[in-house]
Amino acid sequence: MDINRIRVAAKERFAGVCRVCPVCNGVVCAGEVPGMGGLGTGTAFRHNIQALAECRLNLRTVHDVKKTDLSYRIFGVELAMPVICAAIGGIALNMNGAMTEEEYTQAVVSGCRQAGSIAMTGDGPNPLVFDAGMAAIGKEAGWGIPIMKPRETEKIVELAEQAAAAGCPAFGIDIDAAALVNMTNAGQPVGPKTIQELEYIKNRTTIPFIVKGIMTPDDAESCWQAGVDAIVVSNHGGRALDHTPGTAEVLPYIAEAVKGKMTVLVDGGIRSGADVLKMLALGADAVLLGRPLAIAAVGGGREGVEFVLNKYKAELSAAMTLTGTAQVSDVPVEILW
Ligand SMILES: Cc1cc2nc3c(=O)[nH]c(=O)nc-3n(C[C@H](O)[C@H](O)[C@H](O)COP(=O)(O)O)c2cc1C
């Protein structure tokens, strides 16, 4: 298994729906939703990439960091690094059937477990999407985190309890899918949630609750007030609302508001171990990878996912050595130029 073979195989299987560009930056796939691109003009996707590119690292090699510690604990599980697979659902629709929903979720859930990471799984109007995620997680003894749409509150509670019964360490909602018309058209309404509704969900569920799709300090504070355990600073890979800033731009403000009070995760445009380190320096506790692991799964299945995660791990460790960062749990902002 090597990265070029994974990419060549992925490009062939995607059959044009993702061009597997040298840098996955949202340029050629702008507007391709459904598909793998960003919504509308595609600027929200591109802002994720630009924001990280504008953030530079200080190369420092006169220090005593001879060993790096990448281990990270979240929701009672031990990970080899602070890197989690983002939920990607609707494979038939978005990836032109490059894999079945079941094959895809099994590849990411198992590949992540193998590499010491953990996968989030998705949701959609077809119940098959959520169910495929739960089936894959079931085969890995609960090693996965289902993310459901911001459905009716009682339905979220019901699905969260299904996740708890399967042994999942946490569950979440992608609240930025609040205007997803294909859910509402399919008779499964979604919408924004009030602090009280989030609190209701938190109080009626038994495993940690993640809210994914937070882009402002105010919303982060509201989640904290509701008792939410973790947020994901995310613009859904630029697929929810056109023209949002990049996640690396808003992350420091959100971290300033809630870091230490709740877990702060982030995704969007993270394309290397150095990008992971930048996000940690900007205030994240851990990161999520979306499209890079989708390409890995389509091009190399479970082994592809494991391979790409190990590549990120090696890159992260090298970037830590070259910035004088000993531990992922303590990444000083001073490593940024
Ligand atoms: C094709 C596709 C489908 C997605 N489906 C979901 C989903 O079902 N649930 C969810 O929370 N996020 C979904 N996302 C968003 C990702 O979880 C994640 O936020 C995003 O891909 C991160 O950006 P990146 O791809 O640049 O890493 C999807 C993204 C893509 C590209």
# chains A, B, ... in the order shown; residues from 1 in each chain; ligands from 1

call {"tool": "residues_near_ligand", "arguments": {"ligand": "ligand 1", "cutoff": "6 Å", "atoms": "only C-alpha atoms and all ligand atoms", "output": "list in words"}}
result
Gly35, Met36, Ala86, Ala87, Ile88, Gly89, Asn94, Gly122, Asp123, Ile147, Asp174, Ser234, His236, Gly237, Asp267, Gly268, Gly269, Ile270, Leu289, Gly290 and Arg291 of chain A

call {"tool": "write_last_selection", "arguments": {"atoms": "all heavy atoms", "output": "tab-separated table (two decimals), in the first residue's frame"}}
result
chain	number	residue	atom	x	y	z
A	35	GLY	N	-22.05	15.57	-4.29
A	35	GLY	CA	-20.70	15.40	-4.83
A	35	GLY	C	-19.75	15.58	-3.67
A	35	GLY	O	-20.15	15.45	-2.51
A	36	MET	N	-18.51	15.95	-3.96
A	36	MET	CA	-17.50	16.05	-2.90
A	36	MET	C	-17.06	17.50	-2.67
A	36	MET	O	-16.13	17.75	-1.89
A	36	MET	CB	-16.27	15.20	-3.29
A	36	MET	CG	-16.56	13.71	-3.34
A	36	MET	SD	-16.86	13.01	-1.72
A	36	MET	CE	-15.22	13.03	-1.04
A	86	ALA	N	-13.94	12.27	10.32
A	86	ALA	CA	-15.21	13.01	10.26
A	86	ALA	C	-16.30	12.15	9.63
A	86	ALA	O	-16.02	11.28	8.80
A	86	ALA	CB	-15.02	14.29	9.44
A	87	ALA	N	-17.54	12.43	10.01
A	87	ALA	CA	-18.68	11.70	9.45
A	87	ALA	C	-18.86	12.07	7.99
A	87	ALA	O	-18.90	13.25	7.65
A	87	ALA	CB	-19.93	12.06	10.23
A	88	ILE	N	-18.97	11.06	7.15
A	88	ILE	CA	-19.32	11.30	5.74
A	88	ILE	C	-20.39	10.30	5.37
A	88	ILE	O	-20.18	9.08	5.44
A	88	ILE	CB	-18.07	11.20	4.84
A	88	ILE	CG1	-17.18	12.44	5.10
A	88	ILE	CG2	-18.45	11.05	3.37
A	88	ILE	CD1	-16.17	12.79	4.05
A	89	GLY	N	-21.55	10.82	5.03
A	89	GLY	CA	-22.68	9.95	4.71
A	89	GLY	C	-23.19	10.21	3.31
A	89	GLY	O	-22.78	11.16	2.64
A	94	ASN	N	-23.34	11.18	-3.02
A	94	ASN	CA	-22.19	12.08	-3.09
A	94	ASN	C	-21.00	11.52	-3.84
A	94	ASN	O	-20.18	12.27	-4.36
A	94	ASN	CB	-21.74	12.45	-1.67
A	94	ASN	CG	-22.73	13.36	-0.98
A	94	ASN	OD1	-23.14	14.36	-1.53
A	94	ASN	ND2	-23.15	12.99	0.23
A	122	GLY	N	-22.16	8.97	9.64
A	122	GLY	CA	-23.13	10.00	9.24
A	122	GLY	C	-24.59	9.60	9.32
A	122	GLY	O	-24.96	8.55	9.88
A	123	ASP	N	-25.41	10.45	8.74
A	123	ASP	CA	-26.86	10.30	8.79
A	123	ASP	C	-27.43	10.93	7.52
A	123	ASP	O	-26.75	11.75	6.88
A	123	ASP	CB	-27.39	11.03	10.04
A	123	ASP	CG	-28.86	10.77	10.32
A	123	ASP	OD1	-29.44	9.82	9.74
A	123	ASP	OD2	-29.43	11.53	11.14
A	147	ILE	N	-23.02	10.45	14.30
A	147	ILE	CA	-23.43	11.85	14.28
A	147	ILE	C	-24.76	11.90	13.53
A	147	ILE	O	-24.83	11.54	12.36
A	147	ILE	CB	-22.38	12.73	13.54
A	147	ILE	CG1	-21.00	12.61	14.19
A	147	ILE	CG2	-22.84	14.19	13.49
A	147	ILE	CD1	-20.84	13.19	15.59
A	174	ASP	N	-24.92	17.02	13.85
A	174	ASP	CA	-24.31	18.07	13.01
A	174	ASP	C	-25.36	19.17	12.85
A	174	ASP	O	-26.14	19.20	11.92
A	174	ASP	CB	-23.77	17.54	11.67
A	174	ASP	CG	-24.76	16.76	10.83
A	174	ASP	OD1	-25.70	16.17	11.42
A	174	ASP	OD2	-24.63	16.73	9.60
A	234	SER	N	-16.72	23.70	12.86
A	234	SER	CA	-16.83	23.12	11.51
A	234	SER	C	-17.83	23.91	10.68
A	234	SER	O	-18.84	24.40	11.20
A	234	SER	CB	-17.32	21.66	11.64
A	234	SER	OG	-17.58	21.09	10.39
A	236	HIS	N	-18.87	22.21	7.97
A	236	HIS	CA	-19.33	21.04	7.21
A	236	HIS	C	-18.51	20.89	5.91
A	236	HIS	O	-19.03	20.53	4.86
A	236	HIS	CB	-20.82	21.17	6.89
A	236	HIS	CG	-21.57	19.87	6.88
A	236	HIS	ND1	-22.38	19.46	7.90
A	236	HIS	CD2	-21.64	18.89	5.95
A	236	HIS	CE1	-22.93	18.29	7.60
A	236	HIS	NE2	-22.49	17.92	6.42
A	237	GLY	N	-17.22	21.23	6.00
A	237	GLY	CA	-16.38	21.17	4.81
A	237	GLY	C	-16.86	22.13	3.72
A	237	GLY	O	-16.67	21.89	2.53
A	267	ASP	N	-12.62	20.76	12.32
A	267	ASP	CA	-12.31	20.14	11.02
A	267	ASP	C	-12.39	21.19	9.93
A	267	ASP	O	-12.75	22.34	10.15
A	267	ASP	CB	-13.20	18.92	10.74
A	267	ASP	CG	-14.65	19.25	10.40
A	267	ASP	OD1	-14.97	20.42	10.11
A	267	ASP	OD2	-15.48	18.33	10.43
A	268	GLY	N	-12.00	20.76	8.72
A	268	GLY	CA	-12.06	21.64	7.56
A	268	GLY	C	-10.69	21.93	6.97
A	268	GLY	O	-9.93	22.72	7.53
A	269	GLY	N	-10.36	21.25	5.88
A	269	GLY	CA	-9.16	21.58	5.12
A	269	GLY	C	-7.86	21.06	5.71
A	269	GLY	O	-6.79	21.50	5.28
A	270	ILE	N	-7.92	20.16	6.68
A	270	ILE	CA	-6.69	19.65	7.31
A	270	ILE	C	-6.10	18.58	6.37
A	270	ILE	O	-6.73	17.55	6.15
A	270	ILE	CB	-7.01	19.09	8.71
A	270	ILE	CG1	-7.55	20.22	9.58
A	270	ILE	CG2	-5.78	18.42	9.33
A	270	ILE	CD1	-8.26	19.76	10.84
A	289	LEU	N	-10.69	14.59	10.21
A	289	LEU	CA	-10.36	14.61	8.79
A	289	LEU	C	-11.56	14.11	8.00
A	289	LEU	O	-12.10	13.04	8.31
A	289	LEU	CB	-9.19	13.65	8.50
A	289	LEU	CG	-7.91	13.83	9.32
A	289	LEU	CD1	-6.88	12.77	8.91
A	289	LEU	CD2	-7.35	15.22	9.13
A	290	GLY	N	-11.94	14.84	6.97
A	290	GLY	CA	-13.06	14.44	6.13
A	290	GLY	C	-12.59	13.84	4.82
A	290	GLY	O	-12.27	12.64	4.73
A	291	ARG	N	-12.46	14.67	3.79
A	291	ARG	CA	-12.16	14.18	2.43
A	291	ARG	C	-10.89	13.34	2.34
A	291	ARG	O	-10.89	12.36	1.59
A	291	ARG	CB	-12.14	15.35	1.46
A	291	ARG	CG	-13.53	16.01	1.30
A	291	ARG	CD	-13.44	17.26	0.46
A	291	ARG	NE	-14.71	17.97	0.32
A	291	ARG	CZ	-15.13	18.94	1.14
A	291	ARG	NH1	-14.40	19.31	2.18
A	291	ARG	NH2	-16.29	19.54	0.91

call {"tool": "closest_atom_pairs", "arguments": {"of": "stretch 55-172 of chain A", "to": "stretch 195-207 of chain A", "cutoff": "8 Å", "atoms": "only C-alpha atoms", "output": "JSON lines"}}
result
{"residue": "A:Thr153", "atom": "CA", "partner": "A:Ile201", "partner_atom": "CA", "distance": 6.8}
{"residue": "A:Glu154", "atom": "CA", "partner": "A:Ile201", "partner_atom": "CA", "distance": 8.0}
{"residue": "A:Ile156", "atom": "CA", "partner": "A:Ile201", "partner_atom": "CA", "distance": 7.4}
{"residue": "A:Val157", "atom": "CA", "partner": "A:Ile201", "partner_atom": "CA", "distance": 6.0}
{"residue": "A:Ala160", "atom": "CA", "partner": "A:Thr205", "partner_atom": "CA", "distance": 6.6}
{"residue": "A:Glu161", "atom": "CA", "partner": "A:Thr205", "partner_atom": "CA", "distance": 6.5}
{"residue": "A:Ala164", "atom": "CA", "partner": "A:Ile207", "partner_atom": "CA", "distance": 6.3}
{"residue": "A:Cys168", "atom": "CA", "partner": "A:Ile207", "partner_atom": "CA", "distance": 7.9}
{"residue": "A:Pro169", "atom": "CA", "partner": "A:Ile207", "partner_atom": "CA", "distance": 6.4}
{"residue": "A:Ala170", "atom": "CA", "partner": "A:Ile207", "partner_atom": "CA", "distance": 5.2}
{"residue": "A:Phe171", "atom": "CA", "partner": "A:Ile207", "partner_atom": "CA", "distance": 7.0}

call {"tool": "select_by_dssp", "arguments": {"residues": "stretch 49-232 of chain A", "states": "helix (DSSP H, G or I)", "output": "ChimeraX atom specification"}}
result
/A:49-53,91-94,101-114,127-139,153-165,175-177,181-185,195-203,217-226

call {"tool": "closest_residue", "arguments": {"among": "A:Arg46, A:Thr244, A:Tyr72, A:Val65", "to": "A:Val23", "atoms": "only C-alpha atoms"}}
result
A:Arg46

call {"tool": "closest_atom_pairs", "arguments": {"of": "stretch 224-267 of chain A", "to": "stretch 27-34 of chain A", "cutoff": "12 Å", "atoms": "only C-alpha atoms", "output": "Markdown table"}}
result
| residue | atom | partner | partner_atom | distance |
| --- | --- | --- | --- | --- |
| A:His236 | CA | A:Val33 | CA | 11.7 |
| A:Gly237 | CA | A:Val33 | CA | 11.0 |
| A:Gly238 | CA | A:Ala30 | CA | 9.7 |
| A:Arg239 | CA | A:Val33 | CA | 7.2 |
| A:Ala240 | CA | A:Val33 | CA | 9.8 |
| A:Leu241 | CA | A:Gly31 | CA | 11.5 |
| A:Asp242 | CA | A:Gly31 | CA | 9.5 |

call {"tool": "closest_residue", "arguments": {"among": "A:Val298, A:Ala163, A:Leu282, A:Ala248", "to": "A:Ala44", "atoms": "only C-alpha atoms"}}
result
A:Ala248

call {"tool": "residues_around", "arguments": {"residues": "stretch 178-191 of chain A", "least_positions_apart": "4", "cutoff": "9 Å", "atoms": "only C-alpha atoms", "output": "short mmCIF file (atom, residue, chain, number, x, y, z; two decimals) with all heavy atoms, in the first residue's frame"}}
result
data_model
loop_
_atom_site.label_atom_id
_atom_site.label_comp_id
_atom_site.auth_asym_id
_atom_site.auth_seq_id
_atom_site.Cartn_x
_atom_site.Cartn_y
_atom_site.Cartn_z
N GLY A 124 -28.63 10.57 7.16
CA GLY A 124 -29.24 11.15 5.97
C GLY A 124 -30.70 10.77 5.88
O GLY A 124 -31.21 10.05 6.76
N PRO A 125 -31.39 11.25 4.82
CA PRO A 125 -32.82 10.96 4.71
C PRO A 125 -33.11 9.47 4.56
O PRO A 125 -34.14 8.99 5.02
CB PRO A 125 -33.24 11.73 3.45
CG PRO A 125 -32.00 12.22 2.80
CD PRO A 125 -30.89 12.14 3.79
N ASN A 126 -32.18 8.75 3.93
CA ASN A 126 -32.36 7.30 3.82
C ASN A 126 -31.84 6.66 5.11
O ASN A 126 -30.66 6.80 5.43
CB ASN A 126 -31.58 6.80 2.59
CG ASN A 126 -31.81 5.32 2.34
OD1 ASN A 126 -32.23 4.60 3.23
ND2 ASN A 126 -31.51 4.89 1.13
N LYS A 149 -28.39 13.88 12.21
CA LYS A 149 -28.85 15.20 11.77
C LYS A 149 -29.61 15.86 12.93
O LYS A 149 -30.11 15.18 13.83
CB LYS A 149 -29.77 15.06 10.55
CG LYS A 149 -29.06 14.49 9.31
CD LYS A 149 -28.05 15.45 8.75
CE LYS A 149 -27.10 14.76 7.80
NZ LYS A 149 -25.75 15.38 7.77
N PRO A 150 -29.74 17.20 12.90
CA PRO A 150 -30.50 17.87 13.97
C PRO A 150 -32.01 17.63 13.80
O PRO A 150 -32.79 18.53 13.51
CB PRO A 150 -30.11 19.34 13.77
CG PRO A 150 -29.73 19.46 12.33
CD PRO A 150 -29.17 18.14 11.93
N ARG A 151 -32.37 16.36 13.97
CA ARG A 151 -33.74 15.90 13.79
C ARG A 151 -34.61 16.38 14.95
O ARG A 151 -34.13 17.07 15.84
CB ARG A 151 -33.76 14.36 13.82
CG ARG A 151 -33.01 13.70 12.67
CD ARG A 151 -32.79 12.23 12.98
NE ARG A 151 -32.23 11.50 11.85
CZ ARG A 151 -32.93 10.99 10.86
NH1 ARG A 151 -34.25 11.09 10.86
NH2 ARG A 151 -32.34 10.35 9.87
N GLU A 152 -35.85 15.90 14.97
CA GLU A 152 -36.73 16.22 16.09
C GLU A 152 -36.06 15.68 17.36
O GLU A 152 -35.45 14.61 17.35
CB GLU A 152 -38.10 15.60 15.86
CG GLU A 152 -38.86 16.36 14.78
CD GLU A 152 -40.14 15.68 14.33
OE1 GLU A 152 -40.13 14.45 14.15
OE2 GLU A 152 -41.13 16.39 14.15
N ASP A 174 -24.92 17.02 13.85
CA ASP A 174 -24.31 18.07 13.01
C ASP A 174 -25.36 19.17 12.85
O ASP A 174 -26.14 19.20 11.92
CB ASP A 174 -23.77 17.54 11.67
CG ASP A 174 -24.76 16.76 10.83
OD1 ASP A 174 -25.70 16.17 11.42
OD2 ASP A 174 -24.63 16.73 9.60
N ALA A 240 -22.46 23.62 4.12
CA ALA A 240 -23.71 24.02 4.79
C ALA A 240 -24.14 25.42 4.33
O ALA A 240 -25.27 25.61 3.89
CB ALA A 240 -23.52 23.99 6.30
#

call {"tool": "select_by_dssp", "arguments": {"residues": "stretch 56-230 of chain A", "states": "strand (DSSP E or B)", "output": "ChimeraX atom specification"}}
result
/A:57,69,72-74,77-79,83-85,119-121,145-148,171-174,209-214,230

call {"tool": "write_last_selection", "arguments": {"atoms": "N, CA and C atoms", "output": "PDB file, in the first residue's frame"}}
result
ATOM      1  N   LEU A  57       4.378  27.985  10.595  1.00  0.00           N
ATOM      2  CA  LEU A  57       5.018  27.374  11.764  1.00  0.00           C
ATOM      3  C   LEU A  57       6.447  27.872  11.934  1.00  0.00           C
ATOM      4  N   ASP A  69       5.056  12.892  22.231  1.00  0.00           N
ATOM      5  CA  ASP A  69       3.940  12.109  22.775  1.00  0.00           C
ATOM      6  C   ASP A  69       2.654  12.547  22.065  1.00  0.00           C
ATOM      7  N   TYR A  72      -3.715  10.622  23.050  1.00  0.00           N
ATOM      8  CA  TYR A  72      -4.811  11.543  23.368  1.00  0.00           C
ATOM      9  C   TYR A  72      -6.001  10.740  23.886  1.00  0.00           C
ATOM     10  N   ARG A  73      -6.581  11.203  24.972  1.00  0.00           N
ATOM     11  CA  ARG A  73      -7.723  10.517  25.585  1.00  0.00           C
ATOM     12  C   ARG A  73      -8.970  11.367  25.411  1.00  0.00           C
ATOM     13  N   ILE A  74     -10.035  10.755  24.905  1.00  0.00           N
ATOM     14  CA  ILE A  74     -11.288  11.493  24.730  1.00  0.00           C
ATOM     15  C   ILE A  74     -12.455  10.561  25.037  1.00  0.00           C
ATOM     16  N   VAL A  77     -11.788   6.977  25.918  1.00  0.00           N
ATOM     17  CA  VAL A  77     -11.033   6.080  25.035  1.00  0.00           C
ATOM     18  C   VAL A  77      -9.672   6.678  24.726  1.00  0.00           C
ATOM     19  N   GLU A  78      -8.704   5.772  24.576  1.00  0.00           N
ATOM     20  CA  GLU A  78      -7.316   6.177  24.357  1.00  0.00           C
ATOM     21  C   GLU A  78      -7.035   6.135  22.855  1.00  0.00           C
ATOM     22  N   LEU A  79      -6.596   7.241  22.285  1.00  0.00           N
ATOM     23  CA  LEU A  79      -6.274   7.270  20.856  1.00  0.00           C
ATOM     24  C   LEU A  79      -4.765   7.432  20.671  1.00  0.00           C
ATOM     25  N   VAL A  83      -6.542  12.667  16.328  1.00  0.00           N
ATOM     26  CA  VAL A  83      -7.099  12.721  14.970  1.00  0.00           C
ATOM     27  C   VAL A  83      -8.245  11.720  14.870  1.00  0.00           C
ATOM     28  N   ILE A  84      -9.400  12.223  14.423  1.00  0.00           N
ATOM     29  CA  ILE A  84     -10.636  11.445  14.363  1.00  0.00           C
ATOM     30  C   ILE A  84     -11.154  11.533  12.929  1.00  0.00           C
ATOM     31  N   CYS A  85     -11.836  10.492  12.473  1.00  0.00           N
ATOM     32  CA  CYS A  85     -12.415  10.545  11.116  1.00  0.00           C
ATOM     33  C   CYS A  85     -13.765  11.264  11.167  1.00  0.00           C
ATOM     34  N   ALA A 119     -13.748   6.646  14.275  1.00  0.00           N
ATOM     35  CA  ALA A 119     -14.517   7.289  13.201  1.00  0.00           C
ATOM     36  C   ALA A 119     -15.876   7.759  13.689  1.00  0.00           C
ATOM     37  N   MET A 120     -16.265   8.919  13.176  1.00  0.00           N
ATOM     38  CA  MET A 120     -17.650   9.357  13.298  1.00  0.00           C
ATOM     39  C   MET A 120     -18.378   8.837  12.056  1.00  0.00           C
ATOM     40  N   THR A 121     -19.652   8.520  12.197  1.00  0.00           N
ATOM     41  CA  THR A 121     -20.423   8.053  11.044  1.00  0.00           C
ATOM     42  C   THR A 121     -21.600   9.009  10.834  1.00  0.00           C
ATOM     43  N   ILE A 145     -18.461   6.790  16.620  1.00  0.00           N
ATOM     44  CA  ILE A 145     -19.295   7.867  17.170  1.00  0.00           C
ATOM     45  C   ILE A 145     -20.321   8.281  16.116  1.00  0.00           C
ATOM     46  N   PRO A 146     -21.578   7.876  16.268  1.00  0.00           N
ATOM     47  CA  PRO A 146     -22.571   8.294  15.281  1.00  0.00           C
ATOM     48  C   PRO A 146     -22.963   9.762  15.445  1.00  0.00           C
ATOM     49  N   ILE A 147     -23.019  10.448  14.296  1.00  0.00           N
ATOM     50  CA  ILE A 147     -23.433  11.852  14.276  1.00  0.00           C
ATOM     51  C   ILE A 147     -24.756  11.904  13.526  1.00  0.00           C
ATOM     52  N   MET A 148     -25.815  12.313  14.223  1.00  0.00           N
ATOM     53  CA  MET A 148     -27.118  12.362  13.564  1.00  0.00           C
ATOM     54  C   MET A 148     -27.484  13.779  13.167  1.00  0.00           C
ATOM     55  N   PHE A 171     -21.998  10.405  21.201  1.00  0.00           N
ATOM     56  CA  PHE A 171     -22.814  10.608  19.992  1.00  0.00           C
ATOM     57  C   PHE A 171     -22.833  12.107  19.727  1.00  0.00           C
ATOM     58  N   GLY A 172     -23.331  12.483  18.557  1.00  0.00           N
ATOM     59  CA  GLY A 172     -23.404  13.920  18.284  1.00  0.00           C
ATOM     60  C   GLY A 172     -24.475  14.263  17.276  1.00  0.00           C
ATOM     61  N   ILE A 173     -24.643  15.575  17.089  1.00  0.00           N
ATOM     62  CA  ILE A 173     -25.521  16.065  16.013  1.00  0.00           C
ATOM     63  C   ILE A 173     -24.709  17.057  15.183  1.00  0.00           C
ATOM     64  N   ASP A 174     -24.921  17.023  13.852  1.00  0.00           N
ATOM     65  CA  ASP A 174     -24.309  18.074  13.010  1.00  0.00           C
ATOM     66  C   ASP A 174     -25.359  19.167  12.852  1.00  0.00           C
ATOM     67  N   PHE A 209     -22.173  14.103  24.687  1.00  0.00           N
ATOM     68  CA  PHE A 209     -22.951  14.721  23.596  1.00  0.00           C
ATOM     69  C   PHE A 209     -22.057  15.755  22.886  1.00  0.00           C
ATOM     70  N   ILE A 210     -21.915  15.565  21.561  1.00  0.00           N
ATOM     71  CA  ILE A 210     -21.074  16.454  20.739  1.00  0.00           C
ATOM     72  C   ILE A 210     -21.986  17.281  19.830  1.00  0.00           C
ATOM     73  N   VAL A 211     -21.715  18.565  19.724  1.00  0.00           N
ATOM     74  CA  VAL A 211     -22.438  19.384  18.738  1.00  0.00           C
ATOM     75  C   VAL A 211     -21.434  19.821  17.673  1.00  0.00           C
ATOM     76  N   LYS A 212     -21.669  19.360  16.451  1.00  0.00           N
ATOM     77  CA  LYS A 212     -20.743  19.592  15.331  1.00  0.00           C
ATOM     78  C   LYS A 212     -21.308  20.675  14.405  1.00  0.00           C
ATOM     79  N   GLY A 213     -20.461  21.657  14.075  1.00  0.00           N
ATOM     80  CA  GLY A 213     -20.923  22.713  13.175  1.00  0.00           C
ATOM     81  C   GLY A 213     -21.028  24.058  13.868  1.00  0.00           C
ATOM     82  N   ILE A 214     -20.128  24.306  14.829  1.00  0.00           N
ATOM     83  CA  ILE A 214     -20.127  25.578  15.575  1.00  0.00           C
ATOM     84  C   ILE A 214     -19.083  26.506  14.952  1.00  0.00           C
ATOM     85  N   ALA A 230     -18.817  18.381  24.051  1.00  0.00           N
ATOM     86  CA  ALA A 230     -17.788  18.758  23.069  1.00  0.00           C
ATOM     87  C   ALA A 230     -18.444  19.453  21.892  1.00  0.00           C
TER      88      ALA A 230
END

call {"tool": "atom_distance", "arguments": {"atom1": "atom CA of A:Arg7", "atom2": "atom CA of A:Gly111"}}
result
16.6 Å

call {"tool": "decode", "arguments": {"residues": "stretch 86-105 of chain A", "atoms": "N, CA and C atoms", "output": "PDB file, in the first residue's frame"}}
result
ATOM      1  N   ALA A  86     -13.943  12.267  10.316  1.00  0.00           N
ATOM      2  CA  ALA A  86     -15.213  13.011  10.261  1.00  0.00           C
ATOM      3  C   ALA A  86     -16.303  12.149   9.631  1.00  0.00           C
ATOM      4  N   ALA A  87     -17.542  12.434  10.012  1.00  0.00           N
ATOM      5  CA  ALA A  87     -18.683  11.697   9.454  1.00  0.00           C
ATOM      6  C   ALA A  87     -18.863  12.067   7.990  1.00  0.00           C
ATOM      7  N   ILE A  88     -18.972  11.064   7.148  1.00  0.00           N
ATOM      8  CA  ILE A  88     -19.318  11.300   5.742  1.00  0.00           C
ATOM      9  C   ILE A  88     -20.391  10.297   5.374  1.00  0.00           C
ATOM     10  N   GLY A  89     -21.553  10.820   5.026  1.00  0.00           N
ATOM     11  CA  GLY A  89     -22.683   9.945   4.707  1.00  0.00           C
ATOM     12  C   GLY A  89     -23.195  10.211   3.306  1.00  0.00           C
ATOM     13  N   GLY A  90     -24.102   9.358   2.851  1.00  0.00           N
ATOM     14  CA  GLY A  90     -24.696   9.547   1.523  1.00  0.00           C
ATOM     15  C   GLY A  90     -23.725   9.195   0.417  1.00  0.00           C
ATOM     16  N   ILE A  91     -23.101   8.033   0.539  1.00  0.00           N
ATOM     17  CA  ILE A  91     -22.053   7.639  -0.421  1.00  0.00           C
ATOM     18  C   ILE A  91     -22.647   7.468  -1.832  1.00  0.00           C
ATOM     19  N   ALA A  92     -23.832   6.871  -1.903  1.00  0.00           N
ATOM     20  CA  ALA A  92     -24.452   6.644  -3.216  1.00  0.00           C
ATOM     21  C   ALA A  92     -24.652   7.981  -3.930  1.00  0.00           C
ATOM     22  N   LEU A  93     -25.154   8.956  -3.205  1.00  0.00           N
ATOM     23  CA  LEU A  93     -25.474  10.264  -3.784  1.00  0.00           C
ATOM     24  C   LEU A  93     -24.210  11.101  -4.028  1.00  0.00           C
ATOM     25  N   ASN A  94     -23.343  11.176  -3.024  1.00  0.00           N
ATOM     26  CA  ASN A  94     -22.194  12.083  -3.086  1.00  0.00           C
ATOM     27  C   ASN A  94     -20.998  11.521  -3.845  1.00  0.00           C
ATOM     28  N   MET A  95     -20.879  10.201  -3.852  1.00  0.00           N
ATOM     29  CA  MET A  95     -19.681   9.608  -4.479  1.00  0.00           C
ATOM     30  C   MET A  95     -20.065   8.739  -5.660  1.00  0.00           C
ATOM     31  N   ASN A  96     -21.263   8.985  -6.181  1.00  0.00           N
ATOM     32  CA  ASN A  96     -21.674   8.293  -7.389  1.00  0.00           C
ATOM     33  C   ASN A  96     -21.564   6.774  -7.233  1.00  0.00           C
ATOM     34  N   GLY A  97     -21.780   6.306  -5.987  1.00  0.00           N
ATOM     35  CA  GLY A  97     -21.752   4.862  -5.745  1.00  0.00           C
ATOM     36  C   GLY A  97     -20.372   4.237  -5.872  1.00  0.00           C
ATOM     37  N   ALA A  98     -19.301   5.033  -5.619  1.00  0.00           N
ATOM     38  CA  ALA A  98     -17.941   4.469  -5.682  1.00  0.00           C
ATOM     39  C   ALA A  98     -17.795   3.276  -4.737  1.00  0.00           C
ATOM     40  N   MET A  99     -18.554   3.290  -3.661  1.00  0.00           N
ATOM     41  CA  MET A  99     -18.627   2.161  -2.719  1.00  0.00           C
ATOM     42  C   MET A  99     -20.072   2.120  -2.238  1.00  0.00           C
ATOM     43  N   THR A 100     -20.480   1.035  -1.602  1.00  0.00           N
ATOM     44  CA  THR A 100     -21.794   1.065  -0.959  1.00  0.00           C
ATOM     45  C   THR A 100     -21.627   1.785   0.386  1.00  0.00           C
ATOM     46  N   GLU A 101     -22.751   2.221   0.934  1.00  0.00           N
ATOM     47  CA  GLU A 101     -22.716   2.879   2.248  1.00  0.00           C
ATOM     48  C   GLU A 101     -22.072   1.934   3.279  1.00  0.00           C
ATOM     49  N   GLU A 102     -22.424   0.658   3.197  1.00  0.00           N
ATOM     50  CA  GLU A 102     -21.903  -0.328   4.170  1.00  0.00           C
ATOM     51  C   GLU A 102     -20.393  -0.502   4.018  1.00  0.00           C
ATOM     52  N   GLU A 103     -19.949  -0.641   2.753  1.00  0.00           N
ATOM     53  CA  GLU A 103     -18.502  -0.831   2.521  1.00  0.00           C
ATOM     54  C   GLU A 103     -17.726   0.386   3.018  1.00  0.00           C
ATOM     55  N   TYR A 104     -18.260   1.569   2.735  1.00  0.00           N
ATOM     56  CA  TYR A 104     -17.558   2.798   3.107  1.00  0.00           C
ATOM     57  C   TYR A 104     -17.430   2.914   4.631  1.00  0.00           C
ATOM     58  N   THR A 105     -18.569   2.784   5.311  1.00  0.00           N
ATOM     59  CA  THR A 105     -18.513   2.989   6.769  1.00  0.00           C
ATOM     60  C   THR A 105     -17.665   1.912   7.443  1.00  0.00           C
TER      61      THR A 105
END
